[in-house]
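Shown here: query26.pdb, PDB, C-alpha atoms, pLDDT in the B column.
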ATOM      1  CA  MET A 147    -117.704  10.324 -16.929  1.00 94.00           C
ATOM      2  CA  TYR A 148    -119.778  12.636 -14.768  1.00 95.00           C
ATOM      3  CA  ILE A 149    -117.411  14.835 -12.734  1.00 97.00           C
ATOM      4  CA  PRO A 150    -118.784  17.481 -10.366  1.00 95.00           C
ATOM      5  CA  THR A 151    -116.350  20.405 -10.193  1.00 95.00           C
ATOM      6  CA  GLN A 152    -115.319  19.667  -6.617  1.00 94.00           C
ATOM      7  CA  PHE A 153    -114.236  16.132  -7.580  1.00 97.00           C
ATOM      8  CA  GLU A 154    -112.346  17.073 -10.759  1.00 97.00           C
ATOM      9  CA  GLN A 155    -108.667  16.181 -10.882  1.00 96.00           C
ATOM     10  CA  SER A 156    -106.817  18.196 -13.523  1.00 95.00           C
ATOM     11  CA  ASP A 157    -103.204  17.725 -12.411  1.00 96.00           C
ATOM     12  CA  VAL A 158    -101.564  15.542 -15.076  1.00 95.00           C
ATOM     13  CA  GLU A 159     -98.710  14.434 -12.816  1.00 95.00           C
ATOM     14  CA  ILE A 160    -101.127  13.257 -10.111  1.00 96.00           C
ATOM     15  CA  MET A 161    -103.080  11.294 -12.726  1.00 97.00           C
ATOM     16  CA  HIS A 162     -99.834   9.865 -14.108  1.00 96.00           C
ATOM     17  CA  GLU A 163     -98.869   8.759 -10.599  1.00 96.00           C
ATOM     18  CA  LEU A 164    -102.106   6.803 -10.259  1.00 97.00           C
ATOM     19  CA  ILE A 165    -101.498   5.153 -13.647  1.00 97.00           C
ATOM     20  CA  ARG A 166     -97.984   4.136 -12.603  1.00 95.00           C
ATOM     21  CA  ASN A 167     -99.154   2.817  -9.229  1.00 95.00           C
ATOM     22  CA  ARG A 168    -102.267   1.076 -10.582  1.00 96.00           C
ATOM     23  CA  PRO A 169    -101.291   0.010 -14.127  1.00 96.00           C
ATOM     24  CA  LEU A 170    -103.940  -2.688 -14.636  1.00 97.00           C
ATOM     25  CA  ALA A 171    -106.270  -0.895 -17.039  1.00 98.00           C
ATOM     26  CA  THR A 172    -109.768  -1.732 -18.188  1.00 98.00           C
ATOM     27  CA  LEU A 173    -109.267  -1.221 -21.921  1.00 98.00           C
ATOM     28  CA  VAL A 174    -112.568  -0.475 -23.653  1.00 97.00           C
ATOM     29  CA  THR A 175    -112.626  -0.862 -27.449  1.00 96.00           C
ATOM     30  CA  LEU A 176    -115.163  -1.087 -30.254  1.00 94.00           C
ATOM     31  CA  GLY A 177    -115.189  -4.066 -32.596  1.00 90.00           C
ATOM     32  CA  ALA A 178    -117.489  -5.858 -35.004  1.00 86.00           C
ATOM     33  CA  ASN A 179    -119.571  -7.284 -32.157  1.00 86.00           C
ATOM     34  CA  GLY A 180    -119.835  -4.025 -30.240  1.00 92.00           C
ATOM     35  CA  ILE A 181    -118.097  -2.777 -27.113  1.00 94.00           C
ATOM     36  CA  ASN A 182    -115.385  -4.983 -25.636  1.00 94.00           C
ATOM     37  CA  ALA A 183    -113.357  -4.711 -22.423  1.00 96.00           C
ATOM     38  CA  ASN A 184    -109.990  -6.268 -21.634  1.00 97.00           C
ATOM     39  CA  HIS A 185    -107.934  -5.982 -18.451  1.00 98.00           C
ATOM     40  CA  ILE A 186    -104.321  -5.262 -19.364  1.00 97.00           C
ATOM     41  CA  PRO A 187    -101.361  -3.787 -17.470  1.00 97.00           C
ATOM     42  CA  LEU A 188    -100.085  -0.765 -19.381  1.00 97.00           C
ATOM     43  CA  TYR A 189     -96.766   1.035 -19.156  1.00 96.00           C
ATOM     44  CA  LEU A 190     -96.873   4.830 -19.179  1.00 96.00           C
ATOM     45  CA  GLU A 191     -94.265   6.777 -21.107  1.00 91.00           C
ATOM     46  CA  PRO A 192     -94.953  10.211 -19.615  1.00 81.00           C
ATOM     47  CA  THR A 193     -92.688  12.420 -21.722  1.00 82.00           C
ATOM     48  CA  ALA A 194     -94.647  12.206 -24.982  1.00 76.00           C
ATOM     49  CA  GLU A 195     -97.013  15.119 -25.604  1.00 77.00           C
ATOM     50  CA  PRO A 196     -99.668  15.985 -24.768  1.00 85.00           C
ATOM     51  CA  PHE A 197    -100.479  13.516 -21.966  1.00 95.00           C
ATOM     52  CA  GLY A 198     -98.133  10.582 -22.455  1.00 95.00           C
ATOM     53  CA  VAL A 199     -98.243   7.237 -24.249  1.00 96.00           C
ATOM     54  CA  LEU A 200     -99.574   3.907 -22.973  1.00 97.00           C
ATOM     55  CA  ARG A 201     -97.914   0.705 -24.133  1.00 96.00           C
ATOM     56  CA  GLY A 202     -98.732  -2.916 -23.513  1.00 96.00           C
ATOM     57  CA  HIS A 203     -99.180  -6.321 -25.069  1.00 96.00           C
ATOM     58  CA  ILE A 204    -101.952  -8.864 -25.504  1.00 96.00           C
ATOM     59  CA  ALA A 205    -102.100 -12.548 -26.391  1.00 96.00           C
ATOM     60  CA  ARG A 206    -102.047 -13.202 -30.106  1.00 96.00           C
ATOM     61  CA  ALA A 207    -105.102 -15.404 -29.484  1.00 96.00           C
ATOM     62  CA  ASN A 208    -107.015 -12.373 -28.202  1.00 95.00           C
ATOM     63  CA  PRO A 209    -109.315 -11.222 -31.042  1.00 93.00           C
ATOM     64  CA  LEU A 210    -108.906  -7.590 -29.941  1.00 93.00           C
ATOM     65  CA  TRP A 211    -105.995  -6.902 -32.274  1.00 93.00           C
ATOM     66  CA  ARG A 212    -107.798  -8.199 -35.345  1.00 91.00           C
ATOM     67  CA  ASP A 213    -111.248  -6.902 -34.402  1.00 90.00           C
ATOM     68  CA  LEU A 214    -110.637  -3.215 -33.782  1.00 90.00           C
ATOM     69  CA  ALA A 215    -112.711  -0.470 -35.395  1.00 88.00           C
ATOM     70  CA  ALA A 216    -110.351   1.825 -37.286  1.00 81.00           C
ATOM     71  CA  ASP A 217    -109.972   5.417 -36.106  1.00 84.00           C
ATOM     72  CA  VAL A 218    -112.388   4.923 -33.200  1.00 91.00           C
ATOM     73  CA  GLU A 219    -111.366   6.269 -29.822  1.00 95.00           C
ATOM     74  CA  THR A 220    -110.282   3.758 -27.175  1.00 97.00           C
ATOM     75  CA  LEU A 221    -110.731   4.250 -23.432  1.00 98.00           C
ATOM     76  CA  ALA A 222    -108.308   2.988 -20.781  1.00 98.00           C
ATOM     77  CA  ILE A 223    -109.675   3.156 -17.224  1.00 98.00           C
ATOM     78  CA  PHE A 224    -107.274   3.120 -14.267  1.00 98.00           C
ATOM     79  CA  HIS A 225    -108.801   2.476 -10.867  1.00 98.00           C
ATOM     80  CA  GLY A 226    -107.212   4.017  -7.789  1.00 97.00           C
ATOM     81  CA  PRO A 227    -108.093   3.445  -4.131  1.00 96.00           C
ATOM     82  CA  ASP A 228    -111.761   3.114  -3.223  1.00 96.00           C
ATOM     83  CA  ALA A 229    -113.666   2.559   0.014  1.00 96.00           C
ATOM     84  CA  TYR A 230    -117.137   2.480   1.498  1.00 96.00           C
ATOM     85  CA  ILE A 231    -117.840   5.483   3.737  1.00 96.00           C
ATOM     86  CA  SER A 232    -120.135   4.787   6.686  1.00 95.00           C
ATOM     87  CA  PRO A 233    -122.388   7.639   7.827  1.00 94.00           C
ATOM     88  CA  SER A 234    -121.546   6.671  11.400  1.00 92.00           C
ATOM     89  CA  TRP A 235    -118.054   8.111  10.850  1.00 95.00           C
ATOM     90  CA  TYR A 236    -119.280  11.660  10.250  1.00 93.00           C
ATOM     91  CA  ALA A 237    -118.742  13.937  13.225  1.00 90.00           C
ATOM     92  CA  THR A 238    -121.898  15.867  12.299  1.00 88.00           C
ATOM     93  CA  LYS A 239    -124.039  12.738  12.748  1.00 79.00           C
ATOM     94  CA  GLN A 240    -124.257  13.564  16.437  1.00 74.00           C
ATOM     95  CA  GLU A 241    -125.656  17.005  15.592  1.00 76.00           C
ATOM     96  CA  THR A 242    -128.282  16.386  12.892  1.00 80.00           C
ATOM     97  CA  ASP A 243    -128.364  12.704  11.860  1.00 72.00           C
ATOM     98  CA  LYS A 244    -128.611  14.064   8.277  1.00 76.00           C
ATOM     99  CA  VAL A 245    -125.960  11.744   6.873  1.00 79.00           C
ATOM    100  CA  VAL A 246    -126.008   8.864   4.395  1.00 90.00           C
ATOM    101  CA  PRO A 247    -123.506   6.257   3.165  1.00 94.00           C
ATOM    102  CA  THR A 248    -121.366   6.887   0.090  1.00 96.00           C
ATOM    103  CA  TRP A 249    -118.422   5.433  -1.789  1.00 97.00           C
ATOM    104  CA  ASN A 250    -115.134   7.268  -2.228  1.00 97.00           C
ATOM    105  CA  TYR A 251    -112.825   6.513  -5.148  1.00 97.00           C
ATOM    106  CA  ALA A 252    -110.152   7.852  -7.467  1.00 98.00           C
ATOM    107  CA  VAL A 253    -110.140   7.011 -11.170  1.00 98.00           C
ATOM    108  CA  VAL A 254    -108.388   8.121 -14.362  1.00 98.00           C
ATOM    109  CA  HIS A 255    -109.786   7.855 -17.892  1.00 98.00           C
ATOM    110  CA  ALA A 256    -107.272   7.977 -20.759  1.00 98.00           C
ATOM    111  CA  TYR A 257    -108.496   8.315 -24.354  1.00 97.00           C
ATOM    112  CA  GLY A 258    -106.744   7.832 -27.678  1.00 96.00           C
ATOM    113  CA  THR A 259    -106.586   5.713 -30.838  1.00 94.00           C
ATOM    114  CA  LEU A 260    -105.175   2.233 -30.253  1.00 95.00           C
ATOM    115  CA  ARG A 261    -102.363   1.106 -32.545  1.00 95.00           C
ATOM    116  CA  ILE A 262    -101.418  -2.548 -33.023  1.00 95.00           C
ATOM    117  CA  ILE A 263     -97.670  -3.295 -33.220  1.00 96.00           C
ATOM    118  CA  ASP A 264     -96.826  -6.812 -34.394  1.00 95.00           C
ATOM    119  CA  ASP A 265     -93.077  -6.533 -33.877  1.00 94.00           C
ATOM    120  CA  ALA A 266     -91.120  -8.856 -31.579  1.00 92.00           C
ATOM    121  CA  VAL A 267     -88.332  -6.306 -30.960  1.00 94.00           C
ATOM    122  CA  TRP A 268     -90.849  -3.639 -29.917  1.00 95.00           C
ATOM    123  CA  VAL A 269     -92.756  -6.096 -27.715  1.00 94.00           C
ATOM    124  CA  ARG A 270     -89.571  -7.233 -25.993  1.00 94.00           C
ATOM    125  CA  ALA A 271     -88.640  -3.613 -25.209  1.00 93.00           C
ATOM    126  CA  GLN A 272     -92.140  -3.032 -23.824  1.00 93.00           C
ATOM    127  CA  LEU A 273     -91.924  -6.148 -21.659  1.00 92.00           C
ATOM    128  CA  GLU A 274     -88.536  -5.089 -20.338  1.00 92.00           C
ATOM    129  CA  ALA A 275     -89.773  -1.589 -19.461  1.00 92.00           C
ATOM    130  CA  LEU A 276     -92.886  -2.912 -17.713  1.00 92.00           C
ATOM    131  CA  THR A 277     -90.900  -5.547 -15.830  1.00 93.00           C
ATOM    132  CA  GLN A 278     -88.203  -3.106 -14.719  1.00 93.00           C
ATOM    133  CA  GLN A 279     -90.842  -0.733 -13.370  1.00 91.00           C
ATOM    134  CA  HIS A 280     -92.515  -3.367 -11.196  1.00 92.00           C
ATOM    135  CA  GLU A 281     -89.407  -5.314 -10.182  1.00 93.00           C
ATOM    136  CA  ALA A 282     -87.524  -2.204  -9.038  1.00 92.00           C
ATOM    137  CA  ALA A 283     -88.750  -2.479  -5.438  1.00 91.00           C
ATOM    138  CA  PHE A 284     -87.567  -6.074  -4.983  1.00 94.00           C
ATOM    139  CA  PRO A 285     -84.154  -6.743  -3.392  1.00 95.00           C
ATOM    140  CA  GLU A 286     -83.203  -8.991  -6.337  1.00 93.00           C
ATOM    141  CA  PRO A 287     -85.184  -7.705  -9.355  1.00 93.00           C
ATOM    142  CA  TRP A 288     -86.036 -10.236 -12.023  1.00 93.00           C
ATOM    143  CA  ALA A 289     -85.270  -9.280 -15.631  1.00 89.00           C
ATOM    144  CA  VAL A 290     -86.555 -10.645 -18.927  1.00 90.00           C
ATOM    145  CA  SER A 291     -82.963 -11.628 -19.764  1.00 91.00           C
ATOM    146  CA  ASP A 292     -82.948 -13.984 -16.759  1.00 91.00           C
ATOM    147  CA  ALA A 293     -85.160 -16.435 -18.657  1.00 90.00           C
ATOM    148  CA  PRO A 294     -83.673 -18.700 -21.368  1.00 92.00           C
ATOM    149  CA  GLU A 295     -83.515 -16.964 -24.742  1.00 90.00           C
ATOM    150  CA  ASP A 296     -85.360 -19.699 -26.639  1.00 91.00           C
ATOM    151  CA  PHE A 297     -88.096 -19.647 -24.006  1.00 92.00           C
ATOM    152  CA  THR A 298     -88.664 -15.877 -24.213  1.00 89.00           C
ATOM    153  CA  GLU A 299     -88.507 -15.902 -28.014  1.00 90.00           C
ATOM    154  CA  LYS A 300     -91.314 -18.450 -28.090  1.00 91.00           C
ATOM    155  CA  LEU A 301     -93.412 -16.366 -25.717  1.00 90.00           C
ATOM    156  CA  LEU A 302     -92.749 -13.181 -27.695  1.00 91.00           C
ATOM    157  CA  GLY A 303     -94.205 -14.871 -30.754  1.00 91.00           C
ATOM    158  CA  ALA A 304     -97.427 -15.471 -28.842  1.00 94.00           C
ATOM    159  CA  VAL A 305     -98.152 -11.800 -28.125  1.00 95.00           C
ATOM    160  CA  VAL A 306     -98.621  -8.559 -30.049  1.00 97.00           C
ATOM    161  CA  GLY A 307     -98.015  -5.003 -28.927  1.00 97.00           C
ATOM    162  CA  ILE A 308    -100.511  -2.207 -28.380  1.00 97.00           C
ATOM    163  CA  GLU A 309     -99.880   1.532 -28.073  1.00 96.00           C
ATOM    164  CA  MET A 310    -102.116   4.499 -27.407  1.00 96.00           C
ATOM    165  CA  VAL A 311    -101.066   8.146 -27.562  1.00 95.00           C
ATOM    166  CA  ILE A 312    -103.226   9.799 -24.914  1.00 97.00           C
ATOM    167  CA  THR A 313    -105.237  12.631 -26.452  1.00 96.00           C
ATOM    168  CA  ARG A 314    -107.575  13.209 -23.492  1.00 96.00           C
ATOM    169  CA  LEU A 315    -106.956  12.568 -19.807  1.00 97.00           C
ATOM    170  CA  THR A 316    -109.594  13.037 -17.120  1.00 98.00           C
ATOM    171  CA  GLY A 317    -109.495  12.289 -13.423  1.00 98.00           C
ATOM    172  CA  LYS A 318    -112.100  12.060 -10.694  1.00 98.00           C
ATOM    173  CA  TRP A 319    -111.049  12.151  -7.048  1.00 97.00           C
ATOM    174  CA  LYS A 320    -114.192  11.652  -4.923  1.00 97.00           C
ATOM    175  CA  VAL A 321    -112.458  11.891  -1.548  1.00 97.00           C
ATOM    176  CA  SER A 322    -114.901  13.653   0.792  1.00 96.00           C
ATOM    177  CA  GLN A 323    -114.209  17.178  -0.534  1.00 95.00           C
ATOM    178  CA  ASN A 324    -117.954  17.863  -0.211  1.00 93.00           C
ATOM    179  CA  GLN A 325    -117.804  17.349   3.550  1.00 93.00           C
ATOM    180  CA  PRO A 326    -116.825  19.902   6.209  1.00 93.00           C
ATOM    181  CA  LEU A 327    -113.355  19.565   7.706  1.00 95.00           C
ATOM    182  CA  GLN A 328    -114.615  17.914  10.885  1.00 94.00           C
ATOM    183  CA  ASN A 329    -116.224  15.149   8.817  1.00 95.00           C
ATOM    184  CA  GLN A 330    -113.150  14.694   6.654  1.00 96.00           C
ATOM    185  CA  LEU A 331    -111.023  14.204   9.762  1.00 96.00           C
ATOM    186  CA  SER A 332    -113.504  11.792  11.346  1.00 95.00           C
ATOM    187  CA  VAL A 333    -113.763   9.813   8.071  1.00 96.00           C
ATOM    188  CA  ILE A 334    -109.955   9.467   8.004  1.00 97.00           C
ATOM    189  CA  GLN A 335    -110.123   8.068  11.538  1.00 96.00           C
ATOM    190  CA  GLY A 336    -112.958   5.724  10.606  1.00 96.00           C
ATOM    191  CA  LEU A 337    -111.173   4.432   7.516  1.00 96.00           C
ATOM    192  CA  ASN A 338    -107.934   3.793   9.383  1.00 95.00           C
ATOM    193  CA  GLY A 339    -109.789   1.714  11.949  1.00 93.00           C
ATOM    194  CA  SER A 340    -112.147  -0.112   9.596  1.00 92.00           C
ATOM    195  CA  GLY A 341    -109.881  -2.851   8.298  1.00 86.00           C
ATOM    196  CA  GLN A 342    -111.570  -2.805   4.894  1.00 86.00           C
ATOM    197  CA  SER A 343    -109.500  -3.222   1.747  1.00 85.00           C
ATOM    198  CA  GLY A 344    -108.282   0.088   0.347  1.00 88.00           C
ATOM    199  CA  ALA A 345    -109.317   2.038   3.439  1.00 94.00           C
ATOM    200  CA  VAL A 346    -105.852   3.228   4.467  1.00 95.00           C
ATOM    201  CA  ALA A 347    -105.010   4.336   0.912  1.00 96.00           C
ATOM    202  CA  MET A 348    -108.279   6.287   0.765  1.00 96.00           C
ATOM    203  CA  ALA A 349    -107.545   7.889   4.130  1.00 97.00           C
ATOM    204  CA  VAL A 350    -104.240   9.108   2.688  1.00 96.00           C
ATOM    205  CA  LEU A 351    -106.006  10.714  -0.294  1.00 96.00           C
ATOM    206  CA  ILE A 352    -108.481  12.504   1.979  1.00 96.00           C
ATOM    207  CA  ASN A 353    -105.646  13.669   4.208  1.00 95.00           C
ATOM    208  CA  ASP A 354    -103.746  14.981   1.169  1.00 90.00           C
ATOM    209  CA  GLY A 355    -106.784  17.074   0.286  1.00 82.00           C
ATOM    210  CA  VAL A 356    -107.041  18.396   3.823  1.00 84.00           C
ATOM    211  CA  LYS A 357    -103.370  19.426   3.782  1.00 72.00           C
ATOM    212  CA  ASN A 358    -103.713  21.122   0.387  1.00 73.00           C
ATOM    213  CA  VAL A 359    -106.679  23.160   1.570  1.00 64.00           C
ATOM    214  CA  GLY A 360    -104.908  24.031   4.806  1.00 56.00           C
TER     215      GLY A 360
END
Would you mind giving the structure from this file in structure tokens?
Amino acid sequence: MYIPTQFEQSDVEIMHELIRNRPLATLVTLGANGINANHIPLYLEPTAEPFGVLRGHIARANPLWRDLAADVETLAIFHGPDAYISPSWYATKQETDKVVPTWNYAVVHAYGTLRIIDDAVWVRAQLEALTQQHEAAFPEPWAVSDAPEDFTEKLLGAVVGIEMVITRLTGKWKVSQNQPLQNQLSVIQGLNGSGQSGAVAMAVLINDGVKNVG
């Protein structure tokens, strides 16, 4: 991934936060027929060195677990907020008109070797951890144990586990750092009033950068 210095995100905890908040990963692997991509929610275990461990599960019918090139690096891409940036939002437009559209986004790339775990006990623990994480905000969280045992056992037999120890972690936060402060502030205002999907979340990221610089 091309990362200009001003857009580089090197803070592991900030990247971990994006992974936790946006766990649906684009998992890119290499198999017999070339590059493959699957979209899989992954659970981050952050304590393992050096950058954490990603765990998930896939359908047993998915050929990924049987068609995986041994000892070849896997890439998991986590997409954060993104938004179109209109040049009409830049305060400096009134001064020079030398402005163009762009797209802001935050993204994390996690690399490592993917391991297949065909173990129902392990998969159940992974499902419970993932479910607990995403049910925690609900007033009455659902748990795997709420479903009938024979029902869950049947489903567990239909999936296999995957695990990746993260060996490289890179982040790119393209959030208007290349613009002067007056443009950053006017872009925040434009995003908050635009109504486009992801705009408010992007405005927050830009504002965080403004506060950190200040």
Requested in this report: Starting from the shown file, work through the PyMOL selection byres ((chain A and resi 308-323) around 7) and note down what comes out as a PyMOL selection string.
Outcome: chain A and resi 149+152-156+161+196-203+250-263+306-307+324-325+330+351-352
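Counting all atoms listed in the file and comparing A:Ala266, A:Leu221, A:Ala237, A:Leu164, the residue that lies closest to Ala304 of chain A is A:Ala266.
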Adding 5 Å on each side of the box along x, y and z that holds all listed atoms of segment 251-256 of chain A, could you give its centre and edge lengths in Å to one decimal, as lines of an AutoDock Vina configuration file?
center_x = -110.0
center_y = 7.3
center_z = -13.0
size_x = 15.6
size_y = 11.6
size_z = 25.6
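With atom CA of Leu302 of chain A on one side and atom CA of Ala194 of chain A on the other, the separation reads 25.6 Å.
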Query - Atomic distance atom CA of Val174 of chain A - atom CA of Asp217 of chain A, expressed in Å with one decimal - result: 14.0 Å
Please write the residues picked by the PyMOL selection byres ((chain A and resi 245) around 12) on this file as a compact mmCIF listing (two decimals) with C-alpha atoms, in the coordinates of the input.
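Result file follows (expr_1.txt):
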# COMPACT_ATOMS: atom_id res chain seq x y z
CA ILE A 231 -117.84 5.48 3.74
CA SER A 232 -120.14 4.79 6.69
CA PRO A 233 -122.39 7.64 7.83
CA SER A 234 -121.55 6.67 11.40
CA TRP A 235 -118.05 8.11 10.85
CA TYR A 236 -119.28 11.66 10.25
CA ALA A 237 -118.74 13.94 13.22
CA THR A 238 -121.90 15.87 12.30
CA LYS A 239 -124.04 12.74 12.75
CA GLN A 240 -124.26 13.56 16.44
CA GLU A 241 -125.66 17.00 15.59
CA THR A 242 -128.28 16.39 12.89
CA ASP A 243 -128.36 12.70 11.86
CA LYS A 244 -128.61 14.06 8.28
CA VAL A 246 -126.01 8.86 4.39
CA PRO A 247 -123.51 6.26 3.16
CA THR A 248 -121.37 6.89 0.09
CA GLN A 325 -117.80 17.35 3.55
CA ASN A 329 -116.22 15.15 8.82
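Put simply, atom CA of Ala222 of chain A is 9.4 Å away from atom CA of Ala183 of chain A.
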Report task. Pull out every residue that the PyMOL selection byres ((chain A and resi 337-345) around 8) matches in the shown coordinates and put them as a count of residues only. Result -> 12
Query raised in the report: Pick from A:Leu210, A:Gln328, A:Thr298, A:Pro192: nearest to Leu173 of chain A, with only C-alpha atoms counted?
Result: A:Leu210
Query raised in the report: What's the 12 Å shell around Lys300 of chain A, counting all atoms listed in the file, without same-chain residues fewer than 5 positions away, as a PyMOL selection string?
Result: chain A and resi 266+270+293-295+305
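In this comparison, which uses only C-alpha atoms, the residue of A:Leu273, A:Trp288, A:Gly355, A:Phe224 approaching Thr172 of chain A most closely is A:Phe224.
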Reconstruct N, CA and C atoms of segment 264-279 of chain A; output as an mmCIF file, in the frame of the given file.
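Final output, saved to part28.cif:
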data_model
loop_
_atom_site.group_PDB
_atom_site.id
_atom_site.type_symbol
_atom_site.label_atom_id
_atom_site.label_comp_id
_atom_site.auth_asym_id
_atom_site.auth_seq_id
_atom_site.Cartn_x
_atom_site.Cartn_y
_atom_site.Cartn_z
ATOM 1 N N ASP A 264 -97.203 -5.400 -34.308
ATOM 2 C CA ASP A 264 -96.826 -6.812 -34.394
ATOM 3 C C ASP A 264 -95.336 -6.898 -34.717
ATOM 4 N N ASP A 265 -94.530 -6.619 -33.709
ATOM 5 C CA ASP A 265 -93.077 -6.533 -33.877
ATOM 6 C C ASP A 265 -92.416 -7.066 -32.614
ATOM 7 N N ALA A 266 -91.695 -8.181 -32.747
ATOM 8 C CA ALA A 266 -91.120 -8.856 -31.579
ATOM 9 C C ALA A 266 -90.100 -7.984 -30.854
ATOM 10 N N VAL A 267 -89.333 -7.187 -31.592
ATOM 11 C CA VAL A 267 -88.332 -6.306 -30.960
ATOM 12 C C VAL A 267 -89.031 -5.250 -30.108
ATOM 13 N N TRP A 268 -90.085 -4.652 -30.659
ATOM 14 C CA TRP A 268 -90.849 -3.639 -29.917
ATOM 15 C C TRP A 268 -91.486 -4.253 -28.676
ATOM 16 N N VAL A 269 -92.083 -5.441 -28.845
ATOM 17 C CA VAL A 269 -92.756 -6.096 -27.715
ATOM 18 C C VAL A 269 -91.754 -6.436 -26.620
ATOM 19 N N ARG A 270 -90.582 -6.904 -27.006
ATOM 20 C CA ARG A 270 -89.571 -7.233 -25.993
ATOM 21 C C ARG A 270 -89.178 -5.983 -25.203
ATOM 22 N N ALA A 271 -88.991 -4.867 -25.894
ATOM 23 C CA ALA A 271 -88.640 -3.613 -25.209
ATOM 24 C C ALA A 271 -89.753 -3.196 -24.260
ATOM 25 N N GLN A 272 -91.001 -3.384 -24.679
ATOM 26 C CA GLN A 272 -92.140 -3.032 -23.824
ATOM 27 C C GLN A 272 -92.175 -3.930 -22.595
ATOM 28 N N LEU A 273 -91.943 -5.213 -22.781
ATOM 29 C CA LEU A 273 -91.924 -6.148 -21.659
ATOM 30 C C LEU A 273 -90.810 -5.805 -20.669
ATOM 31 N N GLU A 274 -89.664 -5.443 -21.199
ATOM 32 C CA GLU A 274 -88.536 -5.089 -20.338
ATOM 33 C C GLU A 274 -88.832 -3.830 -19.529
ATOM 34 N N ALA A 275 -89.444 -2.829 -20.164
ATOM 35 C CA ALA A 275 -89.773 -1.589 -19.461
ATOM 36 C C ALA A 275 -90.802 -1.847 -18.367
ATOM 37 N N LEU A 276 -91.833 -2.617 -18.686
ATOM 38 C CA LEU A 276 -92.886 -2.912 -17.713
ATOM 39 C C LEU A 276 -92.327 -3.728 -16.546
ATOM 40 N N THR A 277 -91.488 -4.705 -16.870
ATOM 41 C CA THR A 277 -90.900 -5.547 -15.830
ATOM 42 C C THR A 277 -89.975 -4.742 -14.929
ATOM 43 N N GLN A 278 -89.125 -3.925 -15.519
ATOM 44 C CA GLN A 278 -88.203 -3.106 -14.719
ATOM 45 C C GLN A 278 -88.954 -2.195 -13.758
ATOM 46 N N GLN A 279 -90.057 -1.625 -14.227
ATOM 47 C CA GLN A 279 -90.842 -0.733 -13.370
ATOM 48 C C GLN A 279 -91.362 -1.460 -12.132
#
